[in-house]
Amino acid sequence: MEDKAQIQEAIQLQGEVVRKLKSEKAGKEQIDEEISKLLELKAQLGGDDVKQQFVLKTAKGTRDYNPKQMAIRGRVFDTITRCFKRHGAETIDTPVFELKETLMGKYGEDSKLIYDLKDQGGELLSLRYDLTVPFARYLAMNKISNIKRYHIAKVYRRDNPAMTRGRYREFYQCDFDIAGQYDAMIPDAECLKIVYEILRELDLGDFRIKVNDRRILDGMFAVCGVPDEKFRTICSSVDKLDKMSWEDVRKEMVNEKGLSKEAADQIGEYVSMKGGKDLAERLLQDQRMCQSKQACAGLTDIKLLFSYLQLFQVTDKVVFDLSLARGLDYYTGVIYEAVLTQAGVASVSNEDQNGASVEESVSVGSVAGGGRYDGLVGMFDPKGRKVPCVGVSIGIERVFSIMEQKAEVSAEKVRTTEVQVLVASAQKNLLEERLRLVTELWDAGIKAEVMYKKNPKLLSQLQHCEELGVPLVAILGEQELKDGVVKLRVVDTREEVDISRVDLIAEIRRMTSQA
């Protein structure tokens with residue numbers, strides 16, 4: 001009885017928490033989370049009434065997709081897949097969970113976001129965090145030394161979700177990677193060309209592709225006086241510059257990570273620099289930078305990269321940005337990230353008096369990222385055999401959020417089915433004839449449907465077509481059956497024409513190919 005009293009008291013307190021959040025108009029997600037806690041407490045008391053109060057909702061950081069949303073998503077996937085195939089990629093698939101040890105130690109400070117599964121006896125497993133580490137494991141396991149592959153699949157991160165900005169705990173990644181020993185910067189440039197093509201084709205608005213090199217970052221940290229053991233943690237701080245001001249990042253470096261103020265200020269000078277091939281050339285002459293061999297190697301490659309990007313005609317959207325860090329531990333060379341810029345804001349890069357590029361555009365979030373990871377496959381190979389790799393990942397959820405918003409604003413009518421023709425009847429008792437005709441159409445590969453009623457009204461059949469955007473109606477009536485014809489109606493124009501049953505399939509194909 002005492003336990004029951006404690007639970008009832010806890011229910012009362014939790015109820016007050018929920019009521020307070022509702023009165024303060026807190027976010028739906030936060031309220032749902034507290035309601036779930038309340039229901040768990042009520043469930044401990046038992047009773048049939050508990051079932052009635054169960055709140056149906058998706059898990060935190062996940063969502064359902066309705067047919068309209070899936071239609072938009074399908075178009076995005078088609079665009080991306082077409083681009084990957086155009087560049088000669090083949091596809092693979094890997095399990096949604098991996099051995100925990102496969103994933104650990106590959107993601108820096110983000111390793112804490114990996115979802116661990118409950119031990120089912122024998123193997124410690126985790127849900128995949130990205131598609132890159134499983135790809136490297138696949139290459140090592142199958143002794144593959146060169147492949148150009150794409151992979152579109154779900155990944156999982158125990159992150160704080162921001163649903164409106166397209167940040168979830170379960171989401172798709174669309175990856176393109178080139179593995180193999182090739183001449184410097186040619187595959188890297190192609191990856192950037194792919195990002196450029198996809199973002200331009202999706203027409204999401206203005207964008208910038210930021211480029212840097214992990215060797216330049218490490219060299220910069222070394223010449224600025226960052227101790228070797230602090231490289232990764234300082235790199236992780238620099239990676240936050242797209243979300244935090246330099247003042248806040250500097251404070252984190254000095255106060256939380258114990259970096260000297262002098263070192264932080266020197267880093268501050270470099271991470272404010274943006275430009276193109278000219279900036280790489282200038283930094284190769286920089287007295288501090290040229291003390292680092294690896295920074296010089298990175299800068300030389302950036303120069304070469306920009307010469308290839310010029311041939312690929314994408315330099316108008318690419319900027320060499322020394323603040324780009326990308327916190328993942330496995331990157332070894334060139335890194336890049338594509339960000340969208342807000343509509344209506346000037347987004348031209350201009351050089352200031354010091355020659356540093358000034359970007360006037362406002363970033364609204366990363367939609368693609370990637371880089372070179374030459375050592376990752378070697379981590380899995382028993383003999384440490386290295387396979388150089390470079391790749392890019394498209395952030396499909398953020399892209400999808402923007403596409404969905406655009407469709408809503410434009411009030412665009414999104415078709416959720418691909419039906420080309422509805423087989424309808426003008427009179428009663430023609431169900432068998434409708435089923436015969438729709439079977440002919442299906443067998444000919446035409447996308448068709450009938451309404452699931454014996455005697456549907458013609459008006460309701462036509463309205464069904466208008467609502468779903470079905471372009472054609474094949475209407476059967478007693479007279480049409482006698483004459484051996486079908487009345488073909490164009491839904492948009494309401495034009496009708498009698499077509500002989502023999503020519504119907506060819507006519508539907510002709511009319512739908514013109515649409």
# chains A, B, ... in the order shown; residues from 1 in each chain; ligands from 1
>>> residues_around(residues="stretch 244-254 of chain A", least_positions_apart="2", cutoff="10 Å", atoms="only C-alpha atoms", output="JSON, numbers by chain")
{"A": [230, 233, 234, 235, 236, 237, 238, 239, 240, 241, 242, 256, 257, 258, 259, 260, 261, 262, 263, 264, 265, 267, 268, 271, 272, 323]}
>>> write_last_selection(atoms="N, CA and C atoms", output="tab-separated table (two decimals), in the first residue's frame")
chain	number	residue	atom	x	y	z
A	230	LYS	N	46.12	17.67	-27.94
A	230	LYS	CA	44.89	18.49	-27.96
A	230	LYS	C	44.36	18.73	-29.37
A	233	THR	N	40.64	17.49	-29.95
A	233	THR	CA	39.64	18.21	-29.15
A	233	THR	C	39.51	19.67	-29.59
A	234	ILE	N	40.63	20.29	-30.01
A	234	ILE	CA	40.57	21.67	-30.53
A	234	ILE	C	39.88	21.68	-31.90
A	235	CYS	N	40.15	20.64	-32.68
A	235	CYS	CA	39.49	20.50	-33.99
A	235	CYS	C	37.97	20.42	-33.79
A	236	SER	N	37.56	19.70	-32.75
A	236	SER	CA	36.14	19.57	-32.43
A	236	SER	C	35.54	20.94	-32.08
A	237	SER	N	36.31	21.79	-31.40
A	237	SER	CA	35.83	23.15	-31.08
A	237	SER	C	35.68	23.99	-32.34
A	238	VAL	N	36.69	23.93	-33.23
A	238	VAL	CA	36.65	24.69	-34.48
A	238	VAL	C	35.43	24.27	-35.31
A	239	ASP	N	35.08	22.97	-35.23
A	239	ASP	CA	33.95	22.42	-35.98
A	239	ASP	C	32.62	23.08	-35.58
A	240	LYS	N	32.59	23.75	-34.43
A	240	LYS	CA	31.36	24.38	-33.94
A	240	LYS	C	31.19	25.81	-34.44
A	241	LEU	N	32.13	26.28	-35.26
A	241	LEU	CA	32.06	27.68	-35.72
A	241	LEU	C	30.86	27.99	-36.60
A	242	ASP	N	30.25	26.95	-37.17
A	242	ASP	CA	29.03	27.21	-37.96
A	242	ASP	C	27.81	27.40	-37.07
A	256	GLU	N	37.67	25.64	-21.16
A	256	GLU	CA	37.29	24.23	-20.96
A	256	GLU	C	38.38	23.25	-21.38
A	257	LYS	N	39.15	23.64	-22.43
A	257	LYS	CA	40.12	22.67	-22.98
A	257	LYS	C	41.56	23.03	-22.67
A	258	GLY	N	41.75	24.14	-21.93
A	258	GLY	CA	43.08	24.47	-21.41
A	258	GLY	C	44.08	24.94	-22.44
A	259	LEU	N	43.62	25.50	-23.56
A	259	LEU	CA	44.54	26.03	-24.58
A	259	LEU	C	44.99	27.43	-24.17
A	260	SER	N	46.23	27.78	-24.48
A	260	SER	CA	46.71	29.13	-24.13
A	260	SER	C	45.99	30.18	-24.97
A	261	LYS	N	45.83	31.37	-24.40
A	261	LYS	CA	45.13	32.46	-25.12
A	261	LYS	C	45.86	32.83	-26.40
A	262	GLU	N	47.21	32.80	-26.35
A	262	GLU	CA	48.02	33.17	-27.53
A	262	GLU	C	47.75	32.20	-28.68
A	263	ALA	N	47.72	30.90	-28.36
A	263	ALA	CA	47.47	29.88	-29.39
A	263	ALA	C	46.07	30.06	-29.98
A	264	ALA	N	45.10	30.31	-29.09
A	264	ALA	CA	43.71	30.49	-29.55
A	264	ALA	C	43.61	31.71	-30.47
A	265	ASP	N	44.28	32.80	-30.14
A	265	ASP	CA	44.22	34.03	-30.96
A	265	ASP	C	44.86	33.80	-32.33
A	267	ILE	N	45.01	30.91	-33.89
A	267	ILE	CA	44.03	30.08	-34.63
A	267	ILE	C	42.92	30.99	-35.17
A	268	GLY	N	42.49	31.93	-34.35
A	268	GLY	CA	41.43	32.87	-34.74
A	268	GLY	C	41.76	33.64	-36.01
A	271	VAL	N	41.30	30.94	-38.98
A	271	VAL	CA	39.96	30.41	-39.27
A	271	VAL	C	39.01	31.46	-39.83
A	272	SER	N	39.43	32.73	-39.82
A	272	SER	CA	38.57	33.77	-40.43
A	272	SER	C	38.83	33.90	-41.93
A	323	SER	N	37.91	27.65	-41.59
A	323	SER	CA	37.15	27.35	-40.36
A	323	SER	C	36.46	25.99	-40.45
>>> select_by_dssp(residues="stretch 172-220 of chain A", states="alpha helix (DSSP H)", output="ChimeraX atom specification")
/A:186-202,214-220
>>> residues_around(residues="A:Asp316", least_positions_apart="6", cutoff="12 Å", atoms="only C-alpha atoms", output="list in words")
Lys193, Tyr196, Asp206, Phe207, Arg208, Ile209, Lys210, Gly275, Gly276, Phe306, Leu309, Gln310, Ser347, Val348 and Ser349 of chain A
>>> closest_residue(among="A:Lys100, A:Arg372, A:Lys85, A:Lys154", to="A:Met185", atoms="only C-alpha atoms")
A:Arg372
>>> residues_around(residues="A:Gly180", least_positions_apart="4", cutoff="7 Å", atoms="only C-alpha atoms", output="PDB file with C-alpha atoms, in the first residue's frame")
ATOM      1  CA  SER A 145      40.908  -2.383 -53.356  1.00  0.00           C
ATOM      2  CA  ASN A 146      38.864  -0.248 -55.766  1.00  0.00           C
ATOM      3  CA  ILE A 147      35.175   0.483 -56.206  1.00  0.00           C
ATOM      4  CA  VAL A 387      42.734   1.568 -49.369  1.00  0.00           C
ATOM      5  CA  PRO A 388      42.559   5.330 -50.075  1.00  0.00           C
ATOM      6  CA  CYS A 389      38.945   6.573 -50.111  1.00  0.00           C
TER       7      CYS A 389
END
>>> residues_around(residues="A:Leu113", least_positions_apart="6", cutoff="6 Å", atoms="only C-alpha atoms", output="list in words")
Arg157, Arg158 and Asp159 of chain A
>>> write_last_selection(atoms="all heavy atoms", output="mmCIF file, in the first residue's frame")
data_model
loop_
_atom_site.group_PDB
_atom_site.id
_atom_site.type_symbol
_atom_site.label_atom_id
_atom_site.label_comp_id
_atom_site.auth_asym_id
_atom_site.auth_seq_id
_atom_site.Cartn_x
_atom_site.Cartn_y
_atom_site.Cartn_z
ATOM 1 N N ARG A 157 21.312 8.188 -34.732
ATOM 2 C CA ARG A 157 22.150 8.979 -33.821
ATOM 3 C C ARG A 157 21.340 9.430 -32.618
ATOM 4 O O ARG A 157 20.252 9.978 -32.772
ATOM 5 C CB ARG A 157 22.709 10.214 -34.550
ATOM 6 C CG ARG A 157 23.634 9.810 -35.662
ATOM 7 C CD ARG A 157 24.310 10.964 -36.361
ATOM 8 N NE ARG A 157 25.070 10.458 -37.498
ATOM 9 C CZ ARG A 157 25.750 11.208 -38.343
ATOM 10 N NH1 ARG A 157 25.772 12.515 -38.181
ATOM 11 N NH2 ARG A 157 26.419 10.668 -39.347
ATOM 12 N N ARG A 158 21.888 9.217 -31.421
ATOM 13 C CA ARG A 158 21.201 9.578 -30.187
ATOM 14 C C ARG A 158 21.420 11.057 -29.910
ATOM 15 O O ARG A 158 21.937 11.469 -28.870
ATOM 16 C CB ARG A 158 21.744 8.709 -29.044
ATOM 17 C CG ARG A 158 20.775 8.412 -27.941
ATOM 18 C CD ARG A 158 21.135 7.121 -27.207
ATOM 19 N NE ARG A 158 22.567 6.958 -26.989
ATOM 20 C CZ ARG A 158 23.231 7.488 -25.964
ATOM 21 N NH1 ARG A 158 22.615 8.227 -25.084
ATOM 22 N NH2 ARG A 158 24.530 7.286 -25.825
ATOM 23 N N ASP A 159 21.027 11.874 -30.864
ATOM 24 C CA ASP A 159 21.263 13.319 -30.846
ATOM 25 C C ASP A 159 20.056 14.031 -30.260
ATOM 26 O O ASP A 159 18.987 13.439 -30.114
ATOM 27 C CB ASP A 159 21.469 13.781 -32.301
ATOM 28 C CG ASP A 159 22.330 15.025 -32.396
ATOM 29 O OD1 ASP A 159 22.516 15.676 -31.357
ATOM 30 O OD2 ASP A 159 22.792 15.328 -33.503
#
>>> closest_atom_pairs(of="stretch 133-202 of chain A", to="stretch 88-97 of chain A", cutoff="10 Å", atoms="only C-alpha atoms", output="JSON lines")
{"residue": "A:Pro134", "atom": "CA", "partner": "A:Thr94", "partner_atom": "CA", "distance": 6.8}
{"residue": "A:Phe135", "atom": "CA", "partner": "A:Thr94", "partner_atom": "CA", "distance": 7.7}
{"residue": "A:Arg137", "atom": "CA", "partner": "A:Thr94", "partner_atom": "CA", "distance": 9.7}
{"residue": "A:Tyr138", "atom": "CA", "partner": "A:Thr94", "partner_atom": "CA", "distance": 7.9}
{"residue": "A:Ile147", "atom": "CA", "partner": "A:Ala89", "partner_atom": "CA", "distance": 8.2}
{"residue": "A:Lys148", "atom": "CA", "partner": "A:Ala89", "partner_atom": "CA", "distance": 5.0}
{"residue": "A:Arg149", "atom": "CA", "partner": "A:Glu90", "partner_atom": "CA", "distance": 4.7}
{"residue": "A:Tyr150", "atom": "CA", "partner": "A:Thr91", "partner_atom": "CA", "distance": 4.9}
{"residue": "A:His151", "atom": "CA", "partner": "A:Thr91", "partner_atom": "CA", "distance": 5.7}
{"residue": "A:Ile152", "atom": "CA", "partner": "A:Asp93", "partner_atom": "CA", "distance": 8.2}
{"residue": "A:Ala153", "atom": "CA", "partner": "A:Asp93", "partner_atom": "CA", "distance": 8.0}
{"residue": "A:Lys154", "atom": "CA", "partner": "A:Val96", "partner_atom": "CA", "distance": 7.6}
{"residue": "A:Val155", "atom": "CA", "partner": "A:Val96", "partner_atom": "CA", "distance": 7.4}
{"residue": "A:Tyr156", "atom": "CA", "partner": "A:Val96", "partner_atom": "CA", "distance": 9.0}
{"residue": "A:Asp175", "atom": "CA", "partner": "A:Thr91", "partner_atom": "CA", "distance": 9.8}
{"residue": "A:Phe176", "atom": "CA", "partner": "A:Ala89", "partner_atom": "CA", "distance": 7.6}
{"residue": "A:Asp177", "atom": "CA", "partner": "A:Ala89", "partner_atom": "CA", "distance": 8.4}
{"residue": "A:Ile178", "atom": "CA", "partner": "A:Ala89", "partner_atom": "CA", "distance": 8.6}
>>> atom_distance(atom1="atom CA of A:Leu283", atom2="atom CA of A:Lys303")
10.7 Å
>>> closest_residue(among="A:Ile394, A:Leu13, A:Gln463, A:Gly469", to="A:Val339", atoms="only C-alpha atoms")
A:Ile394
>>> residues_around(residues="A:Ala5", least_positions_apart="5", cutoff="12 Å", atoms="only C-alpha atoms", output="list of chain:residue names")
A:Ala10, A:Ile11, A:Gln12, A:Leu41, A:Lys42, A:Gln44, A:Leu45
>>> write_last_selection(atoms="C-alpha atoms", output="PDB file, in the first residue's frame")
ATOM      1  CA  ALA A  10       4.562  10.811  -8.111  1.00  0.00           C
ATOM      2  CA  ILE A  11       1.608  10.806 -10.563  1.00  0.00           C
ATOM      3  CA  GLN A  12       0.280  13.989  -8.951  1.00  0.00           C
ATOM      4  CA  LEU A  41       3.645   5.874 -13.579  1.00  0.00           C
ATOM      5  CA  LYS A  42      -0.071   5.232 -14.108  1.00  0.00           C
ATOM      6  CA  GLN A  44       2.464   0.837 -12.489  1.00  0.00           C
ATOM      7  CA  LEU A  45      -0.892   1.169 -10.696  1.00  0.00           C
TER       8      LEU A  45
END
>>> residues_around(residues="A:Lys386", least_positions_apart="3", cutoff="7 Å", atoms="only C-alpha atoms", output="MDAnalysis selection string")
chainID A and resid 374:375 377:378
>>> closest_residue(among="A:Glu269, A:Glu101, A:Asp301, A:Asp443", to="A:Arg288", atoms="only C-alpha atoms")
A:Glu269
>>> closest_residue(among="A:Val367, A:Ala444, A:Val226, A:Leu472", to="A:Val419", atoms="only C-alpha atoms")
A:Leu472
>>> closest_residue(among="A:Val392, A:Leu204, A:Leu504, A:Cys465", to="A:Leu437", atoms="only C-alpha atoms")
A:Leu504
